[in-house]
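Trainee: Quick one: structure below, then a few questions.
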Amino acid sequence: MLKGKVALVTGASSGIGLEIAQKLAAEGVKVGLFARSGDKLEALARKLAEAIALPGDITRYEDVEGAVKRLEAELGGLDFLINNAGVGIFKPVQELSPEEWQEVLQTNLTGPFYASKAAVPALQKHGGHIVNIGSLAGKNAFAGGAAYNASKFGLLGFSEASMLDLRYLGIRVSSILPGSVDTPFGGAPTGAAWKIQAEDVAEAVVYVLKSNPRVMPGQLELRPAQPPKK
Ligand SMILES: NC(=O)c1ccc[n+]([C@@H]2O[C@H](COP(=O)([O-])OP(=O)(O)OC[C@H]3O[C@@H](n4cnc5c(N)ncnc54)[C@H](OP(=O)(O)O)[C@@H]3O)[C@@H](O)[C@H]2O)c1
């Protein structure tokens, strides 16, 4: 069902994005791998059946636009955009610098807008699907989360509003909201067995993409089934 489709995965050099790229490739999807670490993307592209490395910075509109153009030219179009690239800087408001605030907001919120905007003309050709990797931090604020919470609350709002616009162009928009995932995101992975793994998020992406095109999967929250009792 996904075989032969083309996906752009942002943040494909590490963690959740890397797993999403691998899972999609295993489903026969041709994958465009976008992130700043070109060497990691090249290494991953060599491992996957049909994938191309698209080094770029999500905070630069021209980089994302260029990636979409290359996908259309080299892989024949674009069906899926997975907005996954993100950063986390966790500090109380009084310690957060303006540059840190900008980095988090530009990457986690402006990035998905840039990628969505750049991808819409290609996605609307055959009925596409955008999946935004949000977070439960987009619903629940926590101390030290001012920039991250703001970016993920904003992403949820952007995701819902863009869904209401883009469905009339034949494009579906979904959000996946994981809790804490065991990736390099907040430091080194812990290996804790109860934690959600990157592959669990990747499976959720495949599930959403495979849903019947008449259905608009809105928000899918992923929580650990058995976290340690507090
Ligand atoms: N881990 C968690 O607990 C968790 C929970 C909920 C949601 N999430 C979300 O899941 C997404 C992926 O996180 P992760 O855990 O997989 O983290 P990760 O392992 O640190 O990966 C982050 C990815 O984003 C890319 N990236 C960062 N800034 C970028 C930029 N300016 N331009 C292009 N790519 C950029 C990184 O690649 P380069 O450095 O090579 O550019 C990397 O591939 C994020 O949106 C995060 O907010 C994570």
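Letters for chains follow the order of the structure tokens (A, B, ...), residue numbers begin at 1 for each chain, and ligand numbers begin at 1 in the order shown.
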Got a sec: who's within 6 Å of range 53-66 of chain A, counting only C-alpha atoms, leaving out chain neighbours fewer than 3 positions off, as an MDAnalysis selection string?

Mentor: chainID A and resid 33:36 38 41:42 69 106:107 111 114:115 118

Trainee: Keeping N, CA and C atoms for every residue in the selection just given, could you write it to a file as a PDB file, in the first residue's frame?

Mentor:
```
ATOM      1  N   LEU A  33      16.218  11.814   2.727  1.00  0.00           N
ATOM      2  CA  LEU A  33      16.725  11.933   4.107  1.00  0.00           C
ATOM      3  C   LEU A  33      17.256  13.337   4.310  1.00  0.00           C
ATOM      4  N   PHE A  34      16.601  14.102   5.190  1.00  0.00           N
ATOM      5  CA  PHE A  34      16.970  15.511   5.380  1.00  0.00           C
ATOM      6  C   PHE A  34      17.485  15.743   6.796  1.00  0.00           C
ATOM      7  N   ALA A  35      18.613  16.374   6.945  1.00  0.00           N
ATOM      8  CA  ALA A  35      19.182  16.804   8.241  1.00  0.00           C
ATOM      9  C   ALA A  35      20.465  17.565   7.903  1.00  0.00           C
ATOM     10  N   ARG A  36      21.136  18.093   8.920  1.00  0.00           N
ATOM     11  CA  ARG A  36      22.364  18.845   8.658  1.00  0.00           C
ATOM     12  C   ARG A  36      23.575  17.941   8.482  1.00  0.00           C
ATOM     13  N   GLY A  38      25.308  15.584   6.775  1.00  0.00           N
ATOM     14  CA  GLY A  38      25.298  14.934   5.473  1.00  0.00           C
ATOM     15  C   GLY A  38      25.969  13.571   5.469  1.00  0.00           C
ATOM     16  N   LEU A  41      23.647  10.926   6.740  1.00  0.00           N
ATOM     17  CA  LEU A  41      22.580  10.672   5.763  1.00  0.00           C
ATOM     18  C   LEU A  41      23.098   9.815   4.615  1.00  0.00           C
ATOM     19  N   GLU A  42      24.330  10.099   4.166  1.00  0.00           N
ATOM     20  CA  GLU A  42      24.922   9.306   3.073  1.00  0.00           C
ATOM     21  C   GLU A  42      25.065   7.854   3.507  1.00  0.00           C
ATOM     22  N   LYS A  69      12.536  19.876  -4.467  1.00  0.00           N
ATOM     23  CA  LYS A  69      12.825  19.887  -5.925  1.00  0.00           C
ATOM     24  C   LYS A  69      13.646  18.668  -6.322  1.00  0.00           C
ATOM     25  N   GLN A 106      12.664  28.217  15.894  1.00  0.00           N
ATOM     26  CA  GLN A 106      12.936  28.134  14.445  1.00  0.00           C
ATOM     27  C   GLN A 106      12.967  26.684  13.967  1.00  0.00           C
ATOM     28  N   THR A 107      13.563  25.821  14.776  1.00  0.00           N
ATOM     29  CA  THR A 107      13.703  24.419  14.348  1.00  0.00           C
ATOM     30  C   THR A 107      12.381  23.677  14.482  1.00  0.00           C
ATOM     31  N   GLY A 111      10.373  25.416  11.220  1.00  0.00           N
ATOM     32  CA  GLY A 111      10.827  24.336  10.317  1.00  0.00           C
ATOM     33  C   GLY A 111       9.663  23.574   9.698  1.00  0.00           C
ATOM     34  N   TYR A 114       7.979  25.742   7.134  1.00  0.00           N
ATOM     35  CA  TYR A 114       8.758  25.839   5.893  1.00  0.00           C
ATOM     36  C   TYR A 114       8.606  24.559   5.060  1.00  0.00           C
ATOM     37  N   ALA A 115       8.754  23.407   5.737  1.00  0.00           N
ATOM     38  CA  ALA A 115       8.712  22.142   4.991  1.00  0.00           C
ATOM     39  C   ALA A 115       7.320  21.918   4.404  1.00  0.00           C
ATOM     40  N   ALA A 118       6.810  24.303   1.454  1.00  0.00           N
ATOM     41  CA  ALA A 118       7.607  23.897   0.286  1.00  0.00           C
ATOM     42  C   ALA A 118       7.049  22.626  -0.356  1.00  0.00           C
TER      43      ALA A 118
END
```

Trainee: If we count only C-alpha atoms and set the cut-off at 9 Å, which residues sit around range 184-194 of chain A, ignoring sequence neighbours fewer than 2 positions away in its own chain? Please answer as a list in words.

Mentor: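 Contacts, with the query itself left out: Ser14, Gly15, Gly86, Val87, Gly88, Ile89, Val181, Asp182, Ile196, Gln197, Pro224, Ala225, Gln226, Pro227 and Pro228 of chain A.
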
Trainee: Which distance in Å separates CA of Lys152 in chain A and CA of His129 in chain A, to one decimal?

Mentor: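 Straight-line distance from CA of Lys152 in chain A to CA of His129 in chain A works out to 19.7 Å.
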
Trainee: Each residue of range 161-207 of chain A with at least one atom at most 6 Å from range 119-127 of chain A should appear once, together with its nearest atom pair and the corresponding distance in Å (one decimal); atoms considered: only C-alpha atoms; ordering: chain, then increasing residue number; output as a Markdown table.

Mentor:
```
| residue | atom | partner | partner_atom | distance |
| --- | --- | --- | --- | --- |
| A:Leu169 | CA | A:Gln124 | CA | 5.9 |
| A:Gly170 | CA | A:Gly127 | CA | 4.8 |
| A:Ile171 | CA | A:Gly127 | CA | 5.3 |
```

Trainee: Which residue gives the smallest distance to ligand 1 among A:Gly11, A:Pro98, A:Gly154, A:Pro217, with only C-alpha atoms and all ligand atoms counted?

Mentor: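 Going through A:Gly11, A:Pro98, A:Gly154, A:Pro217 one by one, the smallest distance to ligand 1 is for A:Gly11.
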
Trainee: Using DSSP assignments from the backbone, pull out every residue in range 34-226 of chain A that falls under strand (DSSP E or B) and give it to me as number ranges by chain.

Mentor: A: 34-35, 51-55, 80-83, 129-133, 172-178, 181, 196, 219-222

Trainee: To test your reading of the structure, identify every residue in range 66-203 of chain A that backbone DSSP assigns to helix (DSSP H, G or I), and report it as JSON, numbers by chain.

Mentor: {"A": [66, 67, 68, 69, 70, 71, 72, 73, 74, 75, 93, 94, 95, 98, 99, 100, 101, 102, 103, 104, 105, 106, 107, 108, 109, 110, 111, 112, 113, 114, 115, 116, 117, 118, 119, 120, 121, 122, 123, 136, 137, 138, 146, 147, 148, 149, 150, 151, 152, 153, 154, 155, 156, 157, 158, 159, 160, 161, 162, 163, 164, 165, 166, 167, 168, 169, 184, 185, 186, 198, 199, 200, 201, 202, 203]}

Trainee: Can I get the selected residues back with C-alpha atoms, as an mmCIF file, in the first residue's frame?

Mentor:
```cif
data_model
loop_
_atom_site.group_PDB
_atom_site.id
_atom_site.type_symbol
_atom_site.label_atom_id
_atom_site.label_comp_id
_atom_site.auth_asym_id
_atom_site.auth_seq_id
_atom_site.Cartn_x
_atom_site.Cartn_y
_atom_site.Cartn_z
ATOM 1 C CA GLY A 66 15.753 22.534 -2.713
ATOM 2 C CA ALA A 67 15.167 19.138 -1.071
ATOM 3 C CA VAL A 68 11.604 18.943 -2.422
ATOM 4 C CA LYS A 69 12.825 19.887 -5.925
ATOM 5 C CA ARG A 70 15.480 17.159 -5.807
ATOM 6 C CA LEU A 71 12.906 14.569 -4.699
ATOM 7 C CA GLU A 72 10.646 15.485 -7.590
ATOM 8 C CA ALA A 73 13.513 15.353 -10.066
ATOM 9 C CA GLU A 74 15.271 12.235 -8.737
ATOM 10 C CA LEU A 75 12.532 10.112 -7.133
ATOM 11 C CA VAL A 93 12.876 31.407 31.351
ATOM 12 C CA GLN A 94 15.302 33.606 33.273
ATOM 13 C CA GLU A 95 18.285 31.588 32.013
ATOM 14 C CA PRO A 98 17.229 34.928 23.042
ATOM 15 C CA GLU A 99 19.423 32.830 20.722
ATOM 16 C CA GLU A 100 18.390 29.584 22.443
ATOM 17 C CA TRP A 101 14.726 30.580 22.246
ATOM 18 C CA GLN A 102 15.126 31.334 18.532
ATOM 19 C CA GLU A 103 16.918 28.039 17.865
ATOM 20 C CA VAL A 104 14.142 25.972 19.445
ATOM 21 C CA LEU A 105 11.283 27.907 17.868
ATOM 22 C CA GLN A 106 12.936 28.134 14.445
ATOM 23 C CA THR A 107 13.703 24.419 14.348
ATOM 24 C CA ASN A 108 10.593 22.928 15.954
ATOM 25 C CA LEU A 109 7.904 25.311 14.732
ATOM 26 C CA THR A 110 9.108 27.418 11.809
ATOM 27 C CA GLY A 111 10.827 24.336 10.317
ATOM 28 C CA PRO A 112 7.591 22.346 9.931
ATOM 29 C CA PHE A 113 5.908 25.419 8.409
ATOM 30 C CA TYR A 114 8.758 25.839 5.893
ATOM 31 C CA ALA A 115 8.712 22.142 4.991
ATOM 32 C CA SER A 116 4.915 22.032 4.703
ATOM 33 C CA LYS A 117 4.821 25.151 2.540
ATOM 34 C CA ALA A 118 7.607 23.897 0.286
ATOM 35 C CA ALA A 119 6.006 20.450 -0.031
ATOM 36 C CA VAL A 120 2.361 21.418 -0.683
ATOM 37 C CA PRO A 121 2.642 21.905 -4.484
ATOM 38 C CA ALA A 122 4.190 18.427 -4.858
ATOM 39 C CA LEU A 123 1.927 16.757 -2.272
ATOM 40 C CA LEU A 136 3.062 15.358 24.873
ATOM 41 C CA ALA A 137 5.100 18.466 25.777
ATOM 42 C CA GLY A 138 2.756 20.140 23.295
ATOM 43 C CA ALA A 146 9.395 27.282 28.225
ATOM 44 C CA ALA A 147 10.982 27.191 24.767
ATOM 45 C CA TYR A 148 10.297 23.516 24.050
ATOM 46 C CA ASN A 149 6.705 23.626 25.344
ATOM 47 C CA ALA A 150 6.048 26.794 23.347
ATOM 48 C CA SER A 151 7.398 25.181 20.184
ATOM 49 C CA LYS A 152 5.386 21.976 20.595
ATOM 50 C CA PHE A 153 2.151 23.696 21.718
ATOM 51 C CA GLY A 154 2.621 25.877 18.632
ATOM 52 C CA LEU A 155 3.254 22.886 16.400
ATOM 53 C CA LEU A 156 -0.019 21.328 17.502
ATOM 54 C CA GLY A 157 -1.876 24.527 16.610
ATOM 55 C CA PHE A 158 -0.076 24.749 13.275
ATOM 56 C CA SER A 159 -0.838 21.118 12.570
ATOM 57 C CA GLU A 160 -4.567 21.497 13.248
ATOM 58 C CA ALA A 161 -4.899 24.730 11.279
ATOM 59 C CA SER A 162 -2.942 23.354 8.316
ATOM 60 C CA MET A 163 -5.135 20.238 8.357
ATOM 61 C CA LEU A 164 -8.200 22.461 7.972
ATOM 62 C CA ASP A 165 -6.572 24.258 5.007
ATOM 63 C CA LEU A 166 -4.886 21.386 3.244
ATOM 64 C CA ARG A 167 -7.651 18.778 3.289
ATOM 65 C CA TYR A 168 -9.326 20.771 0.550
ATOM 66 C CA LEU A 169 -6.186 20.239 -1.530
ATOM 67 C CA PRO A 184 19.956 10.724 22.052
ATOM 68 C CA PHE A 185 17.540 13.714 22.348
ATOM 69 C CA GLY A 186 17.873 14.445 26.042
ATOM 70 C CA ALA A 198 12.090 5.260 18.352
ATOM 71 C CA GLU A 199 10.776 2.250 16.410
ATOM 72 C CA ASP A 200 7.420 2.561 18.240
ATOM 73 C CA VAL A 201 7.026 6.089 16.882
ATOM 74 C CA ALA A 202 8.064 4.876 13.429
ATOM 75 C CA GLU A 203 5.377 2.157 13.578
#
```

Trainee: Can you list, as a PyMOL selection string, every protein, DNA or RNA residue that comes within 12 Å of Leu220 in chain A when you count only C-alpha atoms, leaving out same-chain residues fewer than 5 positions away?

Mentor: chain A and resi 131-136+156+173-179+201+203-205+207-208

Trainee: For each of A:Thr183, A:Gly144, A:Lys139, A:Lys195, take the minimum atom-to-atom distance to Glu221 in chain A, counting only C-alpha atoms, then give the residue where this is smallest.

Mentor: A:Lys139

Trainee: Restricting the calculation to only C-alpha atoms and all ligand atoms: of A:Val29, A:Ala45, A:Met1, A:Leu18, which residue gets closest to ligand 1?

Mentor: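 The answer is A:Leu18, which sits nearest to ligand 1.
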
Trainee: Just to confirm, what's the straight-line distance from CA of Ala12 in chain A to atom 4 (C, counted along the ligand's line) of ligand 1 in Å (one decimal)?

Mentor: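 We find that CA of Ala12 in chain A and atom 4 (C, counted along the ligand's line) of ligand 1 lie 14.0 Å from each other.
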